[in-house]
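Have a look at final-v8.txt; it's compact mmCIF, C-alpha atoms:
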# COMPACT_ATOMS: atom_id res chain seq x y z
CA MET Q 18 -104.90 -88.24 -101.48
CA LYS Q 19 -101.32 -87.03 -101.34
CA ILE Q 20 -98.73 -89.77 -101.69
CA ILE Q 21 -95.77 -89.51 -99.33
CA TYR Q 22 -92.84 -91.43 -100.73
CA MET Q 23 -90.35 -93.01 -98.36
CA GLY Q 24 -86.78 -93.33 -99.51
CA TYR Q 25 -84.34 -95.73 -97.90
CA GLU Q 26 -83.00 -92.97 -95.66
CA ASP Q 27 -86.48 -92.38 -94.24
CA TYR Q 28 -86.33 -95.78 -92.55
CA VAL Q 29 -83.55 -94.54 -90.24
CA ASN Q 30 -84.75 -92.77 -87.11
CA LEU Q 31 -82.08 -92.77 -84.41
CA GLY Q 32 -84.39 -90.88 -82.07
CA TYR Q 33 -86.99 -93.64 -82.08
CA ARG Q 34 -87.44 -95.74 -78.95
CA PRO Q 35 -89.02 -99.16 -79.48
CA GLY Q 36 -92.40 -99.77 -77.88
CA LYS Q 37 -93.47 -102.87 -75.99
CA ASN Q 38 -95.23 -104.22 -79.09
CA ASP Q 39 -92.27 -103.86 -81.42
CA LEU Q 40 -90.28 -106.85 -82.60
CA VAL Q 41 -86.61 -105.83 -82.49
CA CYS Q 42 -83.82 -107.36 -84.56
CA GLU Q 43 -80.11 -106.88 -84.22
CA PHE Q 44 -78.04 -107.26 -87.38
CA SER Q 45 -74.39 -106.94 -88.23
CA VAL Q 46 -74.09 -105.39 -91.67
CA GLU Q 47 -71.28 -104.86 -94.16
CA PRO Q 48 -72.33 -102.50 -96.97
CA ASP Q 49 -71.11 -102.89 -100.50
CA MET Q 50 -68.45 -100.41 -101.64
CA GLY Q 51 -69.64 -96.82 -101.77
CA LEU Q 52 -72.39 -97.19 -99.16
CA SER Q 53 -72.29 -96.19 -95.51
CA VAL Q 54 -73.64 -98.44 -92.75
CA ARG Q 55 -76.47 -95.96 -92.29
CA GLU Q 56 -77.45 -96.22 -95.96
CA ALA Q 57 -77.24 -100.00 -95.85
CA ALA Q 58 -79.33 -100.08 -92.66
CA GLY Q 59 -82.09 -98.10 -94.35
CA ARG Q 60 -82.15 -100.59 -97.20
CA VAL Q 61 -82.41 -103.55 -94.80
CA ALA Q 62 -85.27 -101.92 -92.88
CA ALA Q 63 -87.15 -100.97 -96.04
CA GLU Q 64 -86.81 -104.29 -97.83
CA SER Q 65 -87.78 -106.26 -94.70
CA SER Q 66 -90.92 -104.20 -94.11
CA THR Q 67 -92.85 -101.79 -96.38
CA GLY Q 68 -90.28 -100.47 -98.86
CA THR Q 69 -88.81 -101.38 -102.20
CA TRP Q 70 -86.10 -100.13 -104.57
CA VAL Q 71 -88.20 -97.45 -106.28
CA ASP Q 72 -90.97 -95.01 -105.35
CA VAL Q 73 -94.33 -96.64 -106.01
CA THR Q 74 -97.58 -94.82 -106.68
CA THR Q 75 -99.45 -97.35 -104.56
CA SER Q 76 -97.81 -96.06 -101.38
CA ASN Q 77 -100.07 -94.63 -98.71
CA PRO Q 78 -99.56 -92.69 -95.46
CA TYR Q 79 -101.11 -95.48 -93.38
CA VAL Q 80 -98.61 -97.93 -94.87
CA ASN Q 81 -95.71 -95.66 -94.01
CA LYS Q 82 -96.80 -95.57 -90.37
CA ILE Q 83 -96.03 -99.26 -89.92
CA SER Q 84 -92.65 -99.20 -91.61
CA ALA Q 85 -89.59 -100.61 -89.81
CA LYS Q 86 -87.28 -98.15 -88.11
CA VAL Q 87 -83.52 -98.29 -87.68
CA PHE Q 88 -83.05 -96.82 -84.22
CA TYR Q 89 -79.47 -97.85 -83.37
CA ILE Q 90 -76.20 -97.85 -85.29
CA LYS Q 91 -72.82 -98.56 -83.72
CA GLY Q 92 -70.01 -99.72 -85.94
CA ARG Q 93 -71.52 -102.47 -88.07
CA ILE Q 94 -74.23 -103.31 -85.54
CA ILE Q 95 -77.71 -102.02 -86.31
CA ARG Q 96 -81.02 -102.52 -84.54
CA ILE Q 97 -84.36 -102.34 -86.27
CA ALA Q 98 -87.81 -102.09 -84.68
CA TYR Q 99 -90.73 -103.69 -86.54
CA PRO Q 100 -94.32 -102.77 -85.59
CA LEU Q 101 -96.51 -105.67 -84.52
CA GLU Q 102 -98.91 -105.04 -87.41
CA LEU Q 103 -96.35 -106.40 -89.88
CA PHE Q 104 -96.64 -109.94 -88.53
CA GLU Q 105 -99.18 -112.74 -88.43
CA PRO Q 106 -99.49 -114.33 -84.97
CA ASP Q 107 -98.48 -117.97 -84.59
CA ASN Q 108 -96.70 -118.01 -87.96
CA VAL Q 109 -92.93 -118.39 -87.78
CA PRO Q 110 -92.50 -118.83 -91.56
CA GLN Q 111 -94.14 -115.45 -92.17
CA ILE Q 112 -92.10 -113.71 -89.47
CA LEU Q 113 -88.84 -115.08 -90.81
CA SER Q 114 -89.80 -114.33 -94.41
CA SER Q 115 -89.96 -110.71 -93.28
CA ILE Q 116 -86.96 -110.25 -91.02
CA ALA Q 117 -84.72 -112.88 -92.65
CA GLY Q 118 -85.98 -113.05 -96.20
CA ASN Q 119 -84.80 -111.28 -99.37
CA ILE Q 120 -82.53 -108.91 -97.45
CA PHE Q 121 -79.69 -111.46 -97.47
CA GLY Q 122 -79.52 -111.30 -101.26
CA MET Q 123 -79.46 -107.52 -101.76
CA LYS Q 124 -76.64 -106.31 -104.02
CA ASP Q 125 -76.06 -103.28 -101.80
CA ILE Q 126 -75.18 -105.56 -98.88
CA ARG Q 127 -71.90 -107.49 -98.94
CA ASN Q 128 -72.61 -109.39 -95.70
CA LEU Q 129 -75.56 -109.43 -93.33
CA ARG Q 130 -76.13 -111.50 -90.21
CA LEU Q 131 -79.23 -111.66 -88.04
CA GLU Q 132 -77.64 -111.79 -84.59
CA ASP Q 133 -80.64 -111.66 -82.28
CA VAL Q 134 -84.40 -111.20 -82.12
CA ASP Q 135 -86.38 -109.70 -79.26
CA LEU Q 136 -90.00 -110.84 -79.38
CA PRO Q 137 -92.85 -108.75 -77.94
CA PRO Q 138 -95.35 -110.31 -75.51
CA LYS Q 139 -98.21 -110.31 -78.02
CA ILE Q 140 -96.24 -112.53 -80.41
CA ILE Q 141 -95.04 -114.79 -77.60
CA LYS Q 142 -98.62 -115.23 -76.38
CA SER Q 143 -99.74 -116.49 -79.78
CA PHE Q 144 -97.51 -119.58 -79.57
CA ARG Q 145 -97.86 -122.73 -77.47
CA GLY Q 146 -94.23 -123.22 -76.55
CA PRO Q 147 -93.01 -126.57 -75.15
CA GLU Q 148 -95.53 -129.02 -73.75
CA PHE Q 149 -93.02 -130.53 -71.31
CA GLY Q 150 -89.88 -128.43 -71.07
CA ILE Q 151 -87.16 -129.10 -68.51
CA HIS Q 152 -89.44 -129.90 -65.59
CA GLY Q 153 -91.79 -132.10 -67.59
CA VAL Q 154 -88.96 -134.18 -69.02
CA ARG Q 155 -87.40 -134.60 -65.58
CA LYS Q 156 -90.76 -135.75 -64.24
CA LEU Q 157 -91.11 -138.34 -67.02
CA LEU Q 158 -87.69 -139.78 -66.28
CA GLY Q 159 -87.81 -139.37 -62.50
CA VAL Q 160 -84.43 -137.60 -62.48
CA LYS Q 161 -84.60 -134.49 -60.32
CA LYS Q 162 -81.18 -132.83 -60.39
CA ARG Q 163 -78.34 -134.42 -62.35
CA PRO Q 164 -77.84 -133.92 -66.07
CA LEU Q 165 -79.59 -136.48 -68.22
CA LEU Q 166 -77.40 -138.97 -70.07
CA GLY Q 167 -78.14 -139.93 -73.63
CA THR Q 168 -76.55 -141.70 -76.55
CA ILE Q 169 -76.93 -141.87 -80.30
CA ILE Q 170 -76.97 -145.28 -81.96
CA LYS Q 171 -73.68 -145.82 -83.80
CA PRO Q 172 -72.88 -146.46 -86.53
CA LYS Q 173 -75.44 -143.84 -87.47
CA LEU Q 174 -76.48 -145.73 -90.61
CA GLY Q 175 -76.28 -149.36 -91.63
CA LEU Q 176 -77.38 -151.36 -88.59
CA LYS Q 177 -80.23 -153.79 -89.10
CA THR Q 178 -83.29 -153.35 -86.90
CA LYS Q 179 -82.56 -156.05 -84.30
CA ASP Q 180 -78.96 -154.92 -83.92
CA HIS Q 181 -80.11 -151.32 -83.55
CA ALA Q 182 -82.50 -152.33 -80.77
CA GLU Q 183 -79.81 -154.42 -79.08
CA VAL Q 184 -77.37 -151.51 -79.02
CA ALA Q 185 -80.10 -149.35 -77.48
CA TYR Q 186 -80.70 -152.00 -74.80
CA GLN Q 187 -77.02 -152.18 -73.91
CA ALA Q 188 -76.87 -148.39 -73.56
CA TRP Q 189 -79.92 -148.33 -71.29
CA VAL Q 190 -78.79 -151.09 -68.97
CA GLY Q 191 -75.37 -149.47 -68.78
CA GLY Q 192 -76.93 -146.30 -67.41
CA CYS Q 193 -78.20 -144.09 -70.24
CA ASP Q 194 -81.53 -142.38 -69.68
CA ILE Q 195 -82.13 -141.71 -73.37
CA VAL Q 196 -81.29 -143.38 -76.67
CA LYS Q 197 -81.89 -141.60 -79.96
CA ASP Q 198 -81.67 -142.18 -83.68
CA ASP Q 199 -79.12 -140.17 -85.58
CA GLU Q 200 -80.27 -137.31 -87.79
CA ASN Q 201 -80.06 -139.17 -91.10
CA LEU Q 202 -81.73 -142.42 -90.03
CA SER Q 203 -85.35 -142.44 -91.13
CA ASN Q 204 -86.99 -145.30 -93.07
CA GLN Q 205 -84.19 -146.99 -94.98
CA ALA Q 206 -84.61 -150.57 -96.20
CA PHE Q 207 -81.97 -151.96 -93.81
CA ASN Q 208 -83.82 -150.49 -90.79
CA PRO Q 209 -87.47 -149.67 -91.56
CA PHE Q 210 -89.01 -147.01 -89.30
CA ARG Q 211 -92.03 -148.87 -87.96
CA GLU Q 212 -90.16 -152.09 -87.37
CA ARG Q 213 -87.38 -150.16 -85.61
CA VAL Q 214 -89.80 -148.36 -83.31
CA ARG Q 215 -91.54 -151.58 -82.29
CA GLU Q 216 -88.33 -153.52 -81.63
CA THR Q 217 -86.51 -150.71 -79.84
CA LEU Q 218 -89.43 -149.93 -77.56
CA LYS Q 219 -89.57 -153.63 -76.61
CA MET Q 220 -85.95 -153.37 -75.53
CA ARG Q 221 -86.73 -150.16 -73.68
CA ASP Q 222 -89.37 -151.99 -71.67
CA LYS Q 223 -86.93 -154.81 -70.94
CA ALA Q 224 -84.29 -152.35 -69.77
CA GLU Q 225 -86.79 -150.61 -67.51
CA ARG Q 226 -87.76 -153.89 -65.87
CA GLU Q 227 -84.14 -154.82 -65.27
CA THR Q 228 -82.87 -151.45 -64.04
CA GLY Q 229 -85.93 -150.08 -62.26
CA GLU Q 230 -85.35 -146.77 -64.07
CA ARG Q 231 -87.40 -144.96 -66.70
CA LYS Q 232 -85.83 -145.10 -70.14
CA MET Q 233 -86.66 -143.08 -73.23
CA TYR Q 234 -86.26 -143.69 -76.97
CA MET Q 235 -86.22 -140.86 -79.52
CA PRO Q 236 -87.10 -142.17 -83.00
CA ASN Q 237 -86.40 -139.75 -85.83
CA VAL Q 238 -89.70 -138.85 -87.49
CA THR Q 239 -88.20 -136.42 -90.01
CA ALA Q 240 -90.04 -136.72 -93.32
CA GLU Q 241 -92.54 -134.86 -95.51
CA THR Q 242 -94.98 -133.21 -93.11
CA GLY Q 243 -97.90 -135.59 -93.61
CA GLU Q 244 -95.68 -138.64 -93.29
CA MET Q 245 -93.93 -137.08 -90.30
CA LEU Q 246 -97.23 -136.80 -88.46
CA LYS Q 247 -98.15 -140.39 -89.33
CA ARG Q 248 -94.85 -141.57 -87.91
CA ALA Q 249 -95.30 -139.53 -84.73
CA GLU Q 250 -98.80 -140.97 -84.29
CA PHE Q 251 -97.39 -144.47 -84.76
CA VAL Q 252 -94.80 -143.83 -82.03
CA LYS Q 253 -97.60 -142.75 -79.73
CA ARG Q 254 -99.66 -145.87 -80.44
CA GLN Q 255 -96.66 -148.08 -79.73
CA GLY Q 256 -96.20 -146.54 -76.28
CA GLY Q 257 -93.39 -144.14 -77.15
CA GLU Q 258 -93.10 -140.86 -75.32
CA TYR Q 259 -90.55 -139.03 -77.47
CA VAL Q 260 -89.94 -138.07 -81.07
CA MET Q 261 -86.97 -136.39 -82.71
CA LEU Q 262 -87.22 -133.95 -85.61
CA ASP Q 263 -84.52 -132.36 -87.75
CA ILE Q 264 -86.17 -128.97 -87.42
CA LEU Q 265 -84.27 -127.07 -90.12
CA THR Q 266 -84.34 -129.67 -92.86
CA ALA Q 267 -87.98 -130.50 -92.09
CA GLY Q 268 -88.84 -126.81 -91.83
CA TRP Q 269 -90.61 -124.47 -89.44
CA SER Q 270 -94.05 -125.38 -90.79
CA ALA Q 271 -93.40 -129.05 -90.11
CA LEU Q 272 -92.29 -128.26 -86.57
CA GLN Q 273 -95.41 -126.19 -85.95
CA ALA Q 274 -97.58 -128.97 -87.37
CA LEU Q 275 -95.96 -131.50 -85.05
CA ARG Q 276 -96.39 -129.29 -81.98
CA ASN Q 277 -99.96 -128.35 -82.86
CA ALA Q 278 -100.92 -132.02 -83.30
CA ASN Q 279 -101.02 -132.27 -79.48
CA LEU Q 280 -99.82 -135.86 -79.40
CA GLY Q 281 -98.42 -135.63 -75.89
CA LEU Q 282 -94.92 -136.50 -77.10
CA VAL Q 283 -91.69 -134.84 -76.04
CA ILE Q 284 -90.15 -133.08 -79.05
CA HIS Q 285 -86.38 -133.39 -79.34
CA ALA Q 286 -85.01 -130.86 -81.84
CA HIS Q 287 -81.93 -131.74 -83.86
CA ARG Q 288 -80.34 -128.80 -85.65
CA ALA Q 289 -78.92 -130.62 -88.70
CA MET Q 290 -77.94 -128.13 -91.43
CA HIS Q 291 -77.68 -125.21 -88.99
CA ALA Q 292 -74.01 -124.57 -89.74
CA ALA Q 293 -74.86 -123.75 -93.35
CA ILE Q 294 -76.84 -120.83 -91.89
CA THR Q 295 -74.98 -120.01 -88.66
CA ARG Q 296 -71.28 -120.78 -89.07
CA ASN Q 297 -70.24 -117.70 -91.05
CA LYS Q 298 -70.01 -115.03 -88.36
CA ARG Q 299 -70.43 -112.29 -90.98
CA HIS Q 300 -73.46 -113.57 -92.88
CA GLY Q 301 -76.55 -115.63 -92.16
CA ILE Q 302 -78.49 -116.19 -88.95
CA SER Q 303 -77.12 -116.89 -85.49
CA MET Q 304 -77.95 -120.08 -83.61
CA LEU Q 305 -79.21 -117.78 -80.87
CA ALA Q 306 -82.01 -116.50 -83.12
CA ILE Q 307 -82.84 -120.01 -84.37
CA ALA Q 308 -83.04 -121.25 -80.78
CA LYS Q 309 -85.58 -118.58 -79.88
CA PHE Q 310 -87.94 -119.54 -82.69
CA ALA Q 311 -87.58 -123.24 -81.90
CA ARG Q 312 -88.53 -122.60 -78.28
CA LEU Q 313 -91.37 -120.32 -79.29
CA ILE Q 314 -92.96 -123.03 -81.43
CA GLY Q 315 -92.52 -125.64 -78.73
CA VAL Q 316 -89.49 -127.92 -78.78
CA ASP Q 317 -88.74 -129.48 -75.40
CA GLN Q 318 -85.06 -130.16 -76.10
CA LEU Q 319 -82.63 -128.46 -78.47
CA HIS Q 320 -79.08 -129.20 -79.59
CA ILE Q 321 -76.79 -126.29 -78.69
CA GLY Q 322 -73.31 -127.71 -79.35
CA THR Q 323 -70.65 -128.60 -76.80
CA VAL Q 324 -67.67 -126.21 -76.84
CA VAL Q 325 -65.44 -129.18 -75.99
CA GLY Q 326 -66.51 -131.66 -78.66
CA LYS Q 327 -65.97 -132.16 -82.39
CA MET Q 328 -68.43 -129.57 -83.70
CA GLU Q 329 -67.78 -125.86 -84.28
CA GLY Q 330 -69.16 -123.45 -81.69
CA GLY Q 331 -67.41 -121.42 -79.04
CA LYS Q 332 -68.09 -121.05 -75.34
CA GLU Q 333 -69.73 -117.64 -75.65
CA GLU Q 334 -72.20 -118.81 -78.29
CA ILE Q 335 -73.08 -121.99 -76.45
CA THR Q 336 -73.63 -120.37 -73.08
CA GLU Q 337 -75.71 -117.62 -74.66
CA ILE Q 338 -78.03 -120.20 -76.17
CA GLU Q 339 -78.24 -122.35 -73.04
CA GLY Q 340 -79.17 -119.31 -70.95
CA GLU Q 341 -76.57 -119.32 -68.19
CA ILE Q 342 -75.24 -115.87 -69.06
CA GLU Q 343 -76.83 -112.69 -70.37
CA ARG Q 344 -76.15 -111.62 -73.89
CA LYS Q 345 -76.27 -107.92 -74.75
CA ILE Q 346 -79.72 -106.58 -74.10
CA ILE Q 347 -81.54 -105.23 -77.13
CA GLN Q 348 -84.11 -103.43 -75.02
CA PRO Q 349 -83.23 -102.56 -71.43
CA ASP Q 350 -86.53 -103.76 -69.96
CA ARG Q 351 -86.24 -107.29 -71.34
CA ASN Q 352 -84.04 -110.08 -70.04
CA ASN Q 353 -82.45 -111.75 -73.04
CA HIS Q 354 -81.78 -115.31 -71.96
CA VAL Q 355 -82.96 -117.88 -74.48
CA LEU Q 356 -83.77 -121.42 -73.38
CA ALA Q 357 -84.60 -120.56 -69.79
CA GLU Q 358 -85.64 -116.90 -69.73
CA ASN Q 359 -89.07 -115.93 -68.46
CA TRP Q 360 -91.31 -115.90 -71.53
CA LEU Q 361 -94.78 -115.68 -70.05
CA HIS Q 362 -96.34 -119.17 -70.42
CA ILE Q 363 -93.45 -120.56 -72.51
CA LYS Q 364 -91.66 -123.31 -70.58
CA PRO Q 365 -87.85 -123.56 -70.38
CA VAL Q 366 -86.16 -125.93 -72.82
CA PHE Q 367 -83.54 -128.60 -72.13
CA ALA Q 368 -80.18 -127.77 -73.71
CA VAL Q 369 -78.67 -130.80 -75.45
CA CYS Q 370 -74.88 -131.11 -75.66
CA SER Q 371 -73.84 -133.49 -78.42
CA GLY Q 372 -70.95 -133.99 -80.83
CA GLY Q 373 -67.65 -135.64 -79.98
CA LEU Q 374 -68.29 -136.03 -76.25
CA ALA Q 375 -66.81 -138.61 -73.87
CA PRO Q 376 -66.93 -139.11 -70.07
CA VAL Q 377 -63.81 -136.96 -69.66
CA HIS Q 378 -65.74 -133.91 -70.90
CA VAL Q 379 -68.47 -134.09 -68.25
CA PRO Q 380 -66.81 -131.95 -65.53
CA ARG Q 381 -66.14 -129.05 -67.86
CA LEU Q 382 -69.61 -129.19 -69.38
CA VAL Q 383 -71.28 -129.05 -65.99
CA ARG Q 384 -69.04 -126.19 -64.83
CA MET Q 385 -69.91 -124.17 -67.92
CA LEU Q 386 -73.56 -125.01 -68.40
CA GLY Q 387 -74.94 -126.30 -65.11
CA ARG Q 388 -77.08 -129.38 -64.49
CA ASP Q 389 -80.09 -128.66 -66.67
CA ILE Q 390 -78.47 -130.20 -69.73
CA ILE Q 391 -78.68 -133.46 -71.62
CA ILE Q 392 -75.23 -134.90 -72.28
CA GLN Q 393 -75.26 -137.10 -75.37
CA MET Q 394 -72.31 -139.34 -76.17
CA GLY Q 395 -72.18 -141.40 -79.33
CA GLY Q 396 -68.66 -142.58 -80.03
CA GLY Q 397 -67.78 -141.67 -76.45
CA ILE Q 398 -69.95 -144.61 -75.33
CA HIS Q 399 -69.90 -147.05 -78.25
CA GLY Q 400 -66.18 -146.56 -78.76
CA ASN Q 401 -65.37 -148.13 -75.39
CA PRO Q 402 -63.14 -151.19 -76.05
CA GLU Q 403 -65.36 -153.28 -73.77
CA GLY Q 404 -68.54 -152.40 -75.62
CA THR Q 405 -71.59 -150.18 -75.38
CA GLU Q 406 -72.76 -151.30 -71.94
CA ALA Q 407 -69.34 -150.63 -70.44
CA GLY Q 408 -69.16 -147.28 -72.19
CA ALA Q 409 -72.56 -146.29 -70.81
CA ARG Q 410 -71.49 -147.33 -67.29
CA GLU Q 411 -68.42 -145.09 -67.49
CA ALA Q 412 -70.50 -142.19 -68.77
CA ARG Q 413 -73.09 -142.60 -66.01
CA LYS Q 414 -70.35 -142.71 -63.37
CA ALA Q 415 -68.94 -139.46 -64.73
CA VAL Q 416 -72.30 -137.77 -64.67
CA GLU Q 417 -73.05 -138.86 -61.11
CA ARG Q 418 -69.53 -138.10 -59.86
CA PHE Q 419 -69.26 -134.57 -61.20
CA ALA Q 420 -72.86 -133.49 -61.18

What is this structure when it is put down as structure tokens?
Amino acid sequence: MKIIYMGYEDYVNLGYRPGKNDLVCEFSVEPDMGLSVREAAGRVAAESSTGTWVDVTTSNPYVNKISAKVFYIKGRIIRIAYPLELFEPDNVPQILSSIAGNIFGMKDIRNLRLEDVDLPPKIIKSFRGPEFGIHGVRKLLGVKKRPLLGTIIKPKLGLKTKDHAEVAYQAWVGGCDIVKDDENLSNQAFNPFRERVRETLKMRDKAERETGERKMYMPNVTAETGEMLKRAEFVKRQGGEYVMLDILTAGWSALQALRNANLGLVIHAHRAMHAAITRNKRHGISMLAIAKFARLIGVDQLHIGTVVGKMEGGKEEITEIEGEIERKIIQPDRNNHVLAENWLHIKPVFAVCSGGLAPVHVPRLVRMLGRDIIIQMGGGIHGNPEGTEAGAREARKAVERFA
């Protein structure tokens, strides 16, 4: 059998047109000194698919047929098509190990950023997606049109269990629909997880009786995967309907395990640690790409930033993620919205705005992002001089007035 070696340049084919079963990635690339963008693009495509740094005698023509192909180069933007055969269905870790793996550490590449991913129908079909999504969450809460109002218990760490539950109660009776743990509250000695869930759900029930409204509590179940599932099962047994997971620190496998457990719980996705990956606009992975994989696996709600709050993230990035505007289209026959685009059976996801928000920000948020958002205020509620209940009342008035 004759071996046909493929050099890096053989992975560039600007005449190629992606097929419906190709996974397409858009990267921005900065080559190291002495390399052209075209040369760098070939290296990215090779190292993320079938190639390596030297000709190997184990190569084979049938392997070469499923190599990635650089089909677009404009400035520093490149687009690469990956044949479906390169990926295992229903396995986000494997997909990301391919398209976002060793390529970020290549010496020939000074900076590389995965800007976007366009997923073919056959990959989308292999995933469950959200169990509830926007419409399911609205049905649970009985809120048809306005944005949902949530809060995060503050201070984020340090409160004892009964005080934590009391703060949640005050937020609910003041008008919040949802109360959640912060991302770094798990099972500390001052506020043990199981005790916190029991006490806070008791206060949820009390608030529901007094207000006549449905109220939701999002306990943070982030932990080692086995323990995470035990905690989620405990929430279910106690009558909880929600869990929160720090999806990046817990990992994609943990998220898939939680979704595949079929516990009938709404999954609220916190993106803690994302900025370590997304903030550098020249290197890393965009929040847009992360959002797509989170939705694919099956989160029902996802933090997207705020534009107007304390956290980094501009209007263009936020609105791209939330799905109110179109980003550039990788392939002309696919609509590239993220949280609400039509993805076969995959339900739309609630966009969560959180980070430095107060009632004064509500009008601008609604103008930019629409009503299918969850507006979470931490300090913007608990920082009210008259207390949490008063802060929640002001926030609820703002939501109802402007939405």

Using all atoms listed in the file, what residues lie at most 9 Å away from (-84.7, -134.8, -67.5) (file coordinates), given as a PyMOL selection string?
chain Q and resi 150-166+194+367+389-391

(-70.5, -129.2, -62.7) in this file's frame - what residues fall within 10 Å of it? Use all atoms listed in the file and give the answer as a PyMOL selection string.
chain Q and resi 163-164+379-388+416+418-420

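Restricting the calculation to only C-alpha atoms, the smallest distance between Q:Thr266 and any of Q:His181, Q:His291, Q:Arg254, Q:Arg93 is found for Q:His291.
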
Compile the contact shell of Q:Asn128 as a tab-separated table (two decimals) with C-alpha atoms, in the coordinates of the input: residues with an atom at most 12 Å away, counting all atoms listed in the file, same-chain residues fewer than 2 positions apart removed.
chain	number	residue	atom	x	y	z
Q	44	PHE	CA	-78.04	-107.26	-87.38
Q	45	SER	CA	-74.39	-106.94	-88.23
Q	46	VAL	CA	-74.09	-105.39	-91.67
Q	47	GLU	CA	-71.28	-104.86	-94.16
Q	48	PRO	CA	-72.33	-102.50	-96.97
Q	49	ASP	CA	-71.11	-102.89	-100.50
Q	50	MET	CA	-68.45	-100.41	-101.64
Q	54	VAL	CA	-73.64	-98.44	-92.75
Q	57	ALA	CA	-77.24	-100.00	-95.85
Q	58	ALA	CA	-79.33	-100.08	-92.66
Q	61	VAL	CA	-82.41	-103.55	-94.80
Q	93	ARG	CA	-71.52	-102.47	-88.07
Q	94	ILE	CA	-74.23	-103.31	-85.54
Q	120	ILE	CA	-82.53	-108.91	-97.45
Q	121	PHE	CA	-79.69	-111.46	-97.47
Q	122	GLY	CA	-79.52	-111.30	-101.26
Q	123	MET	CA	-79.46	-107.52	-101.76
Q	124	LYS	CA	-76.64	-106.31	-104.02
Q	125	ASP	CA	-76.06	-103.28	-101.80
Q	126	ILE	CA	-75.18	-105.56	-98.88
Q	130	ARG	CA	-76.13	-111.50	-90.21
Q	131	LEU	CA	-79.23	-111.66	-88.04
Q	297	ASN	CA	-70.24	-117.70	-91.05
Q	298	LYS	CA	-70.01	-115.03	-88.36
Q	299	ARG	CA	-70.43	-112.29	-90.98
Q	300	HIS	CA	-73.46	-113.57	-92.88
Q	301	GLY	CA	-76.55	-115.63	-92.16
Q	302	ILE	CA	-78.49	-116.19	-88.95

Which residue, Q:Ile284, Q:Val29, Q:Val184, Q:Leu313, has the smallest gap to Q:Pro106 when you use only C-alpha atoms?
Q:Leu313

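Compared by their closest atoms to Q:Glu132, and using only C-alpha atoms, the residues Q:Pro402, Q:Ile116, Q:Tyr28, Q:Ala271 rank with Q:Ile116 nearest.
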
Using only C-alpha atoms, the best pick from Q:Met245, Q:Cys370, Q:Leu174, Q:Met233 as closest to Q:Cys193 would be Q:Met233

Atom CA of Q:Met23 and atom CA of Q:Gly36 are how many Å apart?
21.7 Å

Once 8 Å is added on each side, what are the centre and the three edge lengths, in Å to one decimal, of the axis-aligned box enclosing the listed atoms of stretch 97-109 of chain Q? Present them as AutoDock Vina command-line options.
--center_x -91.9 --center_y -110.2 --center_z -87.2 --size_x 31.1 --size_y 32.3 --size_z 21.4

Proximity to Q:Trp269 - best of Q:Gly372, Q:Asp133, Q:Arg288, Q:Pro110, all atoms listed in the file
Q:Pro110

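Note that the spacing between atom CA of Q:Thr217 and atom CA of Q:Gln187 amounts to 11.3 Å.
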
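Interatomic distance, atom CA of Q:Ile314 to atom CA of Q:Lys139: 14.2 Å.
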
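Of the residues under consideration (Q:Ile112, Q:Met394, Q:Val283, Q:Val238), Q:Val238 shows the shortest atom-to-atom contact distance to Q:Asp263 when counting all atoms listed in the file.
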
Could you pull the residues within 10 Å of stretch 276-279 of chain Q, counting all atoms listed in the file, minus those fewer than 6 positions along the same chain, as a ChimeraX atom specification?
/Q:144-148,246,249-250,270,314-316
